[in-house]
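Heads up, model38.txt below (compact mmCIF, C-alpha atoms):
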# COMPACT_ATOMS: atom_id res chain seq x y z
CA MET A 1094 -5.77 96.18 21.58
CA PRO A 1095 -2.94 94.22 23.15
CA ARG A 1096 -4.17 91.67 25.65
CA ARG A 1097 -2.32 91.27 28.89
CA LYS A 1098 -0.60 87.96 29.47
CA GLY A 1099 -1.86 86.83 32.89
CA ALA A 1100 -1.40 88.86 36.03
CA PRO A 1101 1.63 91.08 36.26
CA GLU A 1102 4.34 89.80 38.56
CA VAL A 1103 4.56 91.47 41.92
CA ASN A 1104 7.97 92.79 42.66
CA ALA A 1105 9.21 90.85 45.67
CA GLY A 1106 12.44 92.72 45.97
CA SER A 1107 11.42 94.51 49.13
CA MET A 1108 10.34 91.30 50.84
CA ALA A 1109 13.76 90.96 52.45
CA ASP A 1110 13.51 94.47 53.87
CA ILE A 1111 10.13 93.80 55.40
CA ALA A 1112 11.31 90.52 56.87
CA PHE A 1113 14.40 92.21 58.28
CA LEU A 1114 12.28 94.82 59.90
CA LEU A 1115 10.16 92.19 61.64
CA LEU A 1116 13.25 90.19 62.55
CA ILE A 1117 14.86 93.16 64.22
CA PHE A 1118 11.69 93.91 66.12
CA PHE A 1119 11.50 90.40 67.55
CA LEU A 1120 15.23 90.34 68.23
CA VAL A 1121 14.88 93.41 70.37
CA THR A 1122 11.80 92.28 72.28
CA THR A 1123 13.01 88.74 72.92
CA THR A 1124 13.84 87.70 76.44
CA ILE A 1125 14.63 84.04 76.60
CA GLU A 1126 13.94 83.20 80.19
CA THR A 1127 13.17 80.04 81.99
CA ASP A 1128 12.23 80.61 85.54
CA ALA A 1129 13.42 78.21 88.14
CA GLY A 1130 13.21 78.14 91.88
CA LEU A 1131 12.42 76.26 95.04
CA ASP A 1132 9.00 74.64 95.07
CA ARG A 1133 7.19 74.68 98.39
CA MET A 1134 3.72 73.91 99.65
CA LEU A 1135 2.20 76.24 102.19
CA PRO A 1136 0.18 74.73 105.02
CA PRO A 1137 -3.60 75.09 104.63
CA ILE A 1138 -5.12 77.79 106.74
CA GLU A 1139 -7.77 75.66 108.43
CA PRO A 1140 -6.21 73.87 111.35
CA PRO A 1141 -6.47 70.08 111.24
CA GLU A 1142 -9.52 68.77 113.09
CA THR A 1143 -7.64 66.52 115.37
CA ASP A 1144 -4.49 67.69 117.00
CA VAL A 1145 -1.64 65.51 115.99
CA VAL A 1146 0.76 64.78 118.76
CA ILE A 1147 4.33 64.79 117.57
CA LYS A 1148 7.14 63.65 119.75
CA GLN A 1149 9.72 66.31 120.41
CA LYS A 1150 12.50 64.03 119.24
CA ASN A 1151 10.93 63.86 115.78
CA ILE A 1152 11.10 67.60 115.29
CA PHE A 1153 14.22 69.31 114.04
CA THR A 1154 13.89 73.00 114.78
CA VAL A 1155 15.75 75.55 112.74
CA SER A 1156 15.40 79.20 113.70
CA ILE A 1157 16.90 82.16 111.93
CA ASN A 1158 17.23 85.42 113.81
CA LYS A 1159 17.21 88.86 112.28
CA SER A 1160 20.96 89.03 111.82
CA GLY A 1161 20.97 85.74 109.97
CA GLN A 1162 22.27 83.46 112.73
CA LEU A 1163 21.01 79.92 112.94
CA LEU A 1164 19.73 78.17 116.00
CA VAL A 1165 19.42 74.48 115.31
CA GLU A 1166 18.03 72.25 118.05
CA GLU A 1167 18.76 74.98 120.62
CA GLU A 1168 22.37 75.34 119.52
CA LEU A 1169 24.10 77.90 117.37
CA MET A 1170 25.19 76.47 114.06
CA ASN A 1171 27.00 77.57 110.94
CA LEU A 1172 25.12 77.49 107.66
CA ASP A 1173 27.77 75.20 106.21
CA ASP A 1174 26.97 72.49 108.74
CA LEU A 1175 23.20 72.69 108.38
CA ARG A 1176 22.86 70.23 105.55
CA ASN A 1177 24.84 67.51 107.30
CA ALA A 1178 22.95 68.06 110.54
CA ALA A 1179 19.64 67.74 108.68
CA ILE A 1180 20.81 64.58 106.92
CA ALA A 1181 21.92 63.07 110.22
CA PHE A 1182 18.51 63.84 111.71
CA LEU A 1183 16.43 62.54 108.79
CA ASP A 1184 18.51 59.45 108.26
CA ASN A 1185 18.74 58.58 111.95
CA GLY A 1186 16.17 55.79 112.10
CA GLY A 1187 16.04 55.62 115.88
CA ALA A 1188 13.13 53.19 116.20
CA ALA A 1189 14.21 49.86 117.63
CA ALA A 1190 14.75 46.94 115.29
CA GLY A 1191 11.65 44.76 115.13
CA SER A 1192 9.21 47.56 115.93
CA PRO A 1193 6.77 48.54 113.15
CA GLU A 1194 8.46 51.90 112.80
CA TYR A 1195 11.86 50.42 112.14
CA CYS A 1196 13.61 51.97 109.14
CA ASN A 1197 15.54 49.34 107.25
CA TYR A 1198 17.19 51.61 104.70
CA CYS A 1199 18.46 54.27 107.08
CA GLN A 1200 22.18 54.51 107.47
CA GLY A 1201 22.29 56.94 110.37
CA LYS A 1202 23.45 56.52 113.95
CA ARG A 1203 20.15 55.00 115.17
CA ASP A 1204 20.23 57.31 118.14
CA ALA A 1205 17.11 56.68 120.25
CA SER A 1206 16.89 60.34 121.22
CA SER A 1207 16.64 61.55 117.62
CA SER A 1208 14.04 60.88 114.90
CA ASP A 1209 12.30 57.49 114.72
CA ASN A 1210 12.22 57.19 110.95
CA PRO A 1211 12.16 59.51 107.91
CA GLN A 1212 8.35 59.35 107.67
CA LYS A 1213 8.04 60.75 111.18
CA ALA A 1214 10.85 63.28 110.96
CA ILE A 1215 9.73 66.87 110.60
CA ILE A 1216 11.88 69.89 110.04
CA SER A 1217 10.42 73.05 111.48
CA LEU A 1218 11.70 76.30 110.10
CA LYS A 1219 11.11 79.54 111.95
CA ASN A 1220 12.26 82.98 111.07
CA ASP A 1221 12.05 86.53 112.25
CA ARG A 1222 10.28 89.27 110.29
CA GLU A 1223 13.59 91.06 109.96
CA THR A 1224 15.45 88.07 108.54
CA ALA A 1225 16.89 88.80 105.11
CA TYR A 1226 15.20 86.93 102.29
CA LYS A 1227 18.55 85.75 100.92
CA THR A 1228 19.41 84.05 104.21
CA TYR A 1229 16.03 82.38 104.27
CA ILE A 1230 16.50 81.08 100.73
CA THR A 1231 19.95 79.77 101.57
CA VAL A 1232 18.53 77.86 104.54
CA GLN A 1233 15.64 76.52 102.46
CA ASN A 1234 18.11 75.51 99.78
CA GLU A 1235 20.22 73.58 102.28
CA LEU A 1236 17.23 71.78 103.74
CA VAL A 1237 15.91 70.82 100.31
CA GLY A 1238 19.47 69.81 99.50
CA ALA A 1239 19.50 67.47 102.50
CA TYR A 1240 16.35 65.75 101.25
CA ASN A 1241 17.72 65.58 97.72
CA ASP A 1242 21.01 64.07 98.91
CA LEU A 1243 19.17 61.30 100.76
CA ARG A 1244 16.78 60.69 97.90
CA ASN A 1245 19.67 60.52 95.47
CA ARG A 1246 21.34 57.95 97.65
CA GLU A 1247 18.26 55.73 97.73
CA ALA A 1248 17.60 56.20 94.02
CA ARG A 1249 21.13 55.18 93.21
CA ARG A 1250 20.78 52.10 95.38
CA LEU A 1251 17.44 51.04 93.87
CA TYR A 1252 17.54 52.29 90.29
CA ASN A 1253 21.15 53.24 89.72
CA ARG A 1254 20.47 56.86 88.88
CA ASP A 1255 20.03 60.16 90.65
CA PHE A 1256 16.63 61.13 91.98
CA THR A 1257 16.94 64.77 90.92
CA GLU A 1258 17.71 63.67 87.37
CA MET A 1259 14.74 61.27 87.34
CA GLU A 1260 12.44 63.92 88.73
CA SER A 1261 13.41 66.59 86.22
CA GLU A 1262 12.94 64.10 83.40
CA TYR A 1263 9.56 63.20 84.84
CA LEU A 1264 8.51 66.84 85.09
CA ASN A 1265 9.78 67.74 81.63
CA PRO A 1266 6.76 67.96 79.29
CA GLU A 1267 8.87 66.77 76.36
CA THR A 1268 9.47 63.36 77.90
CA PRO A 1269 7.35 60.72 76.13
CA SER A 1270 4.45 59.55 78.26
CA SER A 1271 5.57 55.91 78.27
CA VAL A 1272 8.83 56.92 79.92
CA ARG A 1273 6.99 59.25 82.23
CA ASP A 1274 4.64 56.56 83.50
CA GLU A 1275 7.59 54.37 84.31
CA LEU A 1276 9.38 57.20 86.07
CA LYS A 1277 6.29 58.18 88.04
CA GLU A 1278 6.36 54.92 89.98
CA LYS A 1279 10.02 55.29 90.82
CA VAL A 1280 9.79 58.95 91.76
CA LYS A 1281 6.77 58.24 93.99
CA ARG A 1282 8.55 55.40 95.70
CA ILE A 1283 11.63 57.46 96.50
CA GLN A 1284 9.48 60.35 97.68
CA GLU A 1285 7.76 57.99 100.08
CA LEU A 1286 11.05 56.81 101.49
CA PHE A 1287 12.01 60.37 102.38
CA PRO A 1288 8.87 62.52 102.39
CA GLN A 1289 9.56 66.25 102.50
CA LYS A 1290 8.08 67.35 105.77
CA LEU A 1291 9.23 70.88 106.08
CA SER A 1292 6.93 72.95 108.20
CA GLU A 1293 6.99 76.70 108.03
CA ALA A 1294 5.62 78.08 111.21
CA GLU A 1295 3.88 81.42 111.27
CA THR A 1296 5.54 84.55 112.45
CA SER A 1297 7.08 84.25 115.83
CA LYS A 1298 9.18 86.48 117.92
CA ILE A 1299 12.30 84.53 118.56
CA MET B 143 36.57 78.97 17.59
CA SER B 144 36.93 76.92 20.67
CA LYS B 145 33.89 75.60 22.31
CA PHE B 146 35.07 76.66 25.71
CA ALA B 147 35.46 80.27 25.04
CA LYS B 148 37.14 82.16 27.79
CA LYS B 149 34.86 84.47 29.58
CA LYS B 150 35.74 88.01 29.58
CA ASP B 151 37.86 88.44 32.65
CA GLY B 152 37.07 91.11 35.13
CA ASP B 153 33.36 90.65 35.73
CA LEU B 154 32.54 88.55 38.76
CA PRO B 155 29.21 86.72 38.66
CA ALA B 156 26.72 88.39 40.97
CA VAL B 157 25.82 86.40 44.09
CA SER B 158 22.18 85.54 43.93
CA THR B 159 20.28 87.09 46.80
CA ALA B 160 17.05 85.41 45.88
CA SER B 161 17.21 83.09 48.93
CA LEU B 162 17.91 85.90 51.34
CA PRO B 163 14.26 86.42 52.24
CA ASP B 164 13.99 82.71 53.02
CA ILE B 165 16.92 82.85 55.39
CA VAL B 166 15.62 85.96 57.06
CA PHE B 167 12.16 84.44 57.40
CA MET B 168 13.64 81.37 59.00
CA LEU B 169 15.35 83.54 61.62
CA LEU B 170 12.21 85.57 61.98
CA PHE B 171 10.11 82.52 62.76
CA PHE B 172 12.69 81.30 65.24
CA PHE B 173 12.57 84.53 67.19
CA MET B 174 8.81 84.76 66.91
CA THR B 175 8.43 81.37 68.52
CA VAL B 176 10.87 81.90 71.37
CA THR B 177 9.71 85.40 72.17
CA THR B 178 7.82 86.02 75.35
CA MET B 179 6.56 89.52 75.65
CA LYS B 180 7.17 91.08 79.01
CA ASP B 181 3.79 92.02 80.28
CA SER B 182 4.88 94.14 83.17
CA SER B 183 7.79 96.43 83.69
CA LEU B 184 9.47 96.21 87.02
CA LEU B 185 8.84 98.96 89.52
CA VAL B 186 10.84 97.24 92.25
CA GLU B 187 14.42 96.15 92.50
CA ASN B 188 14.45 92.50 91.67
CA VAL B 189 17.78 90.79 92.08
CA LEU B 190 16.86 87.24 92.94
CA PRO B 191 18.92 85.14 95.33
CA ASN B 192 20.89 82.10 94.19
CA ALA B 193 20.01 78.48 94.88
CA ASP B 194 21.10 75.16 93.44
CA GLN B 195 18.38 72.72 94.48
CA ILE B 196 15.92 74.25 92.07
CA LYS B 197 13.20 72.98 89.81
CA LYS B 198 12.22 74.58 86.55
CA LEU B 199 8.84 76.18 86.14
CA GLU B 200 7.98 74.35 82.96
CA LYS B 201 4.54 75.55 82.02
CA LYS B 202 4.22 79.30 81.82
CA ASP B 203 0.45 79.28 81.58
CA ARG B 204 0.18 77.82 85.06
CA VAL B 205 2.11 80.50 86.86
CA ILE B 206 1.01 83.63 88.66
CA TYR B 207 3.79 86.10 89.35
CA ILE B 208 4.17 88.29 92.40
CA TYR B 209 7.08 90.68 92.66
CA ALA B 210 8.42 92.26 95.80
CA GLY B 211 11.37 94.41 96.67
CA LYS B 212 12.56 97.92 97.31
CA PRO B 213 11.06 100.43 94.85
CA THR B 214 13.47 101.40 92.09
CA GLN B 215 15.28 104.70 92.27
CA GLU B 216 12.69 106.75 90.43
CA TYR B 217 9.97 105.61 92.83
CA THR B 218 11.85 105.86 96.11
CA LYS B 219 10.81 109.49 96.44
CA THR B 220 7.11 108.68 96.40
CA PHE B 221 7.10 105.22 97.91
CA GLY B 222 10.09 105.21 100.25
CA GLU B 223 12.73 102.58 100.81
CA GLU B 224 10.63 99.88 102.39
CA PRO B 225 10.02 96.76 100.29
CA LYS B 226 6.76 96.88 98.33
CA ILE B 227 4.68 94.34 96.46
CA GLN B 228 4.15 94.69 92.74
CA LEU B 229 1.20 93.03 91.05
CA ASN B 230 0.99 93.29 87.28
CA ASP B 231 2.45 96.73 86.74
CA LYS B 232 1.50 98.64 89.81
CA PHE B 233 2.30 98.73 93.48
CA ALA B 234 -0.11 96.99 95.77
CA ASN B 235 -0.86 96.48 99.41
CA VAL B 236 -0.63 93.13 101.13
CA SER B 237 -4.40 92.94 101.33
CA GLU B 238 -4.71 93.08 97.53
CA VAL B 239 -2.67 89.93 96.99
CA GLY B 240 -5.56 87.61 97.68
CA THR B 241 -7.97 89.26 95.26
CA TYR B 242 -5.26 89.49 92.63
CA VAL B 243 -4.54 85.76 92.85
CA LEU B 244 -8.25 84.95 92.68
CA ALA B 245 -8.71 87.23 89.68
CA GLU B 246 -5.73 85.69 87.90
CA ARG B 247 -6.98 82.23 88.70
CA ALA B 248 -10.37 83.05 87.18
CA THR B 249 -8.76 84.02 83.86
CA LYS B 250 -7.11 80.62 83.49
CA PRO B 251 -8.86 77.69 81.86
CA GLN B 252 -10.96 75.57 84.18
CA GLU B 253 -8.71 72.53 84.07
CA LEU B 254 -5.66 74.51 85.13
CA GLN B 255 -7.23 76.32 88.04
CA ASN B 256 -6.24 73.66 90.53
CA VAL B 257 -2.66 73.26 89.42
CA LEU B 258 -1.53 76.87 89.47
CA THR B 259 1.77 77.83 91.02
CA THR B 260 2.47 81.23 92.49
CA ALA B 261 5.98 82.38 91.67
CA LEU B 262 7.36 84.75 94.27
CA LYS B 263 10.03 86.94 92.76
CA VAL B 264 11.44 88.64 95.78
CA ASP B 265 14.54 90.77 95.87
CA LYS B 266 17.29 89.14 97.85
CA ASN B 267 17.71 92.12 100.14
CA ALA B 268 14.06 92.27 101.12
CA SER B 269 13.18 91.20 104.63
CA MET B 270 11.11 88.13 105.41
CA GLY B 271 8.27 90.20 106.84
CA ILE B 272 6.83 91.03 103.45
CA VAL B 273 7.26 87.44 102.25
CA MET B 274 5.42 86.14 105.30
CA ASP B 275 2.57 88.58 104.70
CA ILE B 276 2.27 87.38 101.11
CA LYS B 277 2.38 83.76 102.22
CA GLN B 278 -0.36 84.38 104.75
CA GLU B 279 -2.54 86.01 102.07
CA LEU B 280 -1.92 83.10 99.73
CA ARG B 281 -2.96 80.65 102.40
CA LYS B 282 -6.20 82.57 102.88
CA VAL B 283 -7.14 82.09 99.21
CA ASN B 284 -5.88 78.53 99.23
CA ALA B 285 -3.11 79.10 96.70
CA LEU B 286 -0.72 76.81 98.48
CA LYS B 287 1.74 75.91 95.78
CA VAL B 288 4.49 78.48 95.73
CA ASN B 289 7.81 78.74 94.00
CA TYR B 290 10.52 80.97 95.37
CA THR B 291 12.04 81.98 92.07
CA THR B 292 15.81 82.14 92.19
CA TYR B 293 18.80 82.26 89.92
CA GLU B 294 20.81 79.13 89.51
CA GLY B 295 24.02 79.36 91.47
CA ASN B 296 25.72 78.53 94.71
CA ALA B 297 23.42 79.42 97.59
CA PHE B 298 26.31 80.46 99.77
CA ASN B 299 27.02 83.37 97.44
CA ASN B 300 23.91 84.98 98.89
CA ILE B 301 25.29 85.60 102.31
CA GLN B 302 28.73 86.87 101.47
Transcribe the structure of this file into structure tokens.
Amino acid sequence: MPRRKGAPEVNAGSMADIAFLLLIFFLVTTTIETDAGLDRMLPPIEPPETDVVIKQKNIFTVSINKSGQLLVEEELMNLDDLRNAAIAFLDNGGAAAGSPEYCNYCQGKRDASSSDNPQKAIISLKNDRETAYKTYITVQNELVGAYNDLRNREARRLYNRDFTEMESEYLNPETPSSVRDELKEKVKRIQELFPQKLSEAETSKI
Amino acid sequence: MSKFAKKKDGDLPAVSTASLPDIVFMLLFFFMTVTTMKDSSLLVENVLPNADQIKKLEKKDRVIYIYAGKPTQEYTKTFGEEPKIQLNDKFANVSEVGTYVLAERATKPQELQNVLTTALKVDKNASMGIVMDIKQELRKVNALKVNYTTYEGNAFNNIQ
């Protein structure tokens, strides 16, 4: 009786076909998407235990009505001018020189009737229920843009690079942790110079 | 007889296809790794607005998605034209948002439960009313970190 020589070879000729089949399946189902958007923190629902008194001059009110018009500090404003108005308000540094609230890095007009310093300055955003979502996002984008512009300015002065770039490198999980620790300090410091105080009031009838 | 005998002309050597499976497998693995399966089909119109001051949502496992917008054409007959909320793959009322977020949060690993972000994918033509309702519900369940998901682009394109 003839003895078999080892196991017979499996014909792998159809391997390519099988692999192609799988490949085509994954090609069709693939959606390469990275979501991106505006990060925001909502205010907690429990009211703070002690009422904080905020001076009117430290609040920058932005209201959007249902047709998408802006009312900034009781005046009508175009969306194009919003960012500069917000920058002027945040960067004002109105506290007198020598007082503990004095802002030594502000480059604004130092108008005593506007915000004392960036730590105190609050932007209050109100909108109508009928406001279009796209208008709201545009306004949010401009306000975040105002903060980012100021933070970039300070980051360039202190560390010679843009804040937004530093922050995205810091948040990227692929950045090595040694670099990230170093960036964390810098990002924190810049965030403290211009803290994002953007309050979203509850529904109001404007 | 010369050592370098001329080959018979006319027959091209066959290209070896033995490495074809390897190449295909390589591609296959690439697509397998980058694939994310869509877990819900959209029942609402979902054209996001543009913004340019955006941050990327890096870690997918830390995100809870909420969709909102006008129902798509095939559903307008039953659900009307008003913006609706979509959770997973069905329409939902505002009051269900809270329980949905809590349920989603419970499925995540313990260490991630405090760092979850809620991504709001709202159609750009929706009105703020529905967004405010969602925000209020999120505040009630203490899911305070939100991300208004947008496309990257000039924000002023939104209002033209």
Would you list the contacts of stretch 261-272 of chain B as a count of residues only, taking every protein, DNA or RNA residue within 6 Å and counting all atoms listed in the file, but skipping same-chain residues closer than 2 positions in sequence? 22
Which residues of chain B come within 8 Å of chain A, and for each one, what is the closest pair of atoms and their distance in Å to one decimal, counting all atoms listed in the file, sorted by chain and residue number, as CSV?
residue,atom,partner,partner_atom,distance
B:Leu162,CA,A:Ala1109,CA,6.6
B:Pro163,CA,A:Ala1109,CA,4.6
B:Val166,CA,A:Ala1112,CA,6.3
B:Phe167,CA,A:Ala1112,CA,6.2
B:Leu169,CA,A:Leu1116,CA,7.0
B:Leu170,CA,A:Leu1116,CA,4.8
B:Phe173,CA,A:Phe1119,CA,6.0
B:Met174,CA,A:Phe1119,CA,6.3
B:Val176,CA,A:Ile1125,CA,6.8
B:Thr177,CA,A:Thr1123,CA,4.8
B:Thr178,CA,A:Thr1123,CA,6.3
B:Met179,CA,A:Thr1122,CA,6.8
B:Lys180,CA,A:Thr1124,CA,7.9
B:Pro191,CA,A:Lys1227,CA,5.6
B:Asn192,CA,A:Thr1231,CA,7.8
B:Ala193,CA,A:Asn1234,CA,6.0
B:Asp194,CA,A:Asn1234,CA,7.0
B:Gln195,CA,A:Gly1238,CA,5.9
B:Ile196,CA,A:Gly1130,CA,4.7
B:Lys197,CA,A:Ala1129,CA,5.5
B:Lys198,CA,A:Ala1129,CA,4.1
B:Leu199,CA,A:Ala1129,CA,5.4
B:Glu200,CA,A:Asn1265,CA,7.0
B:Val264,CA,A:Tyr1226,CA,7.7
B:Asp265,CA,A:Tyr1226,CA,7.5
B:Lys266,CA,A:Lys1227,CA,4.7
B:Asn267,CA,A:Ala1225,CA,6.0
B:Ala268,CA,A:Tyr1226,CA,5.6
B:Ser269,CA,A:Ala1225,CA,4.4
B:Met270,CA,A:Arg1222,CA,5.1
B:Gly271,CA,A:Arg1222,CA,4.1
B:Ile272,CA,A:Arg1222,CA,7.9
B:Val273,CA,A:Tyr1226,CA,8.0
B:Met274,CA,A:Thr1296,CA,7.3
B:Lys277,CA,A:Leu1135,CA,7.5
B:Arg281,CA,A:Ile1138,CA,5.6
B:Lys282,CA,A:Ile1138,CA,6.2
B:Asn284,CA,A:Pro1137,CA,6.8
B:Leu286,CA,A:Leu1135,CA,4.8
B:Lys287,CA,A:Met1134,CA,4.8
B:Val288,CA,A:Arg1133,CA,5.4
B:Asn289,CA,A:Asp1132,CA,4.4
B:Tyr290,CA,A:Leu1131,CA,5.1
B:Thr291,CA,A:Gly1130,CA,4.0
B:Thr292,CA,A:Gly1130,CA,4.8
B:Tyr293,CA,A:Ala1129,CA,7.0
B:Glu294,CA,A:Ala1129,CA,7.6
B:Ala297,CA,A:Thr1231,CA,5.3
B:Phe298,CA,A:Thr1231,CA,6.6
B:Asn300,CA,A:Lys1227,CA,5.8
B:Ile301,CA,A:Thr1228,CA,6.4
Interatomic distance (Å, one decimal) between atom CA of B:Leu280 and atom CA of B:Ala245: 12.8 Å
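For B:Val205, the residues within 6 Å (counting only C-alpha atoms, excluding itself and residues fewer than 3 positions away along the chain) are Lys202, Leu258, Thr259 and Thr260 of chain B.
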To one decimal in Å, tell me the separation between atom CA of B:Pro213 and atom CA of B:Lys232.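 Interatomic distance, atom CA of B:Pro213 to atom CA of B:Lys232: 11.0 Å.
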Listed atoms of stretch 1127-1134 of chain A boxed along x, y and z, 3 Å each side, centre and edge lengths in Å, one decimal, as lines of an AutoDock Vina configuration file:
center_x = 8.6
center_y = 77.3
center_z = 90.8
size_x = 15.7
size_y = 12.7
size_z = 23.7
What does the distance from atom CA of A:Lys1290 to atom CA of B:Asn299 come to in Å, to one decimal?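 Between atom CA of A:Lys1290 and atom CA of B:Asn299 the gap works out to 26.2 Å.
Excluding A:Val1155 and any residue on its chain fewer than 4 positions from it, the residues at most 8 Å away by all atoms listed in the file are Leu1163, Leu1164, Val1165, Glu1166, Ile1216, Ser1217, Leu1218 and Lys1219 of chain A.
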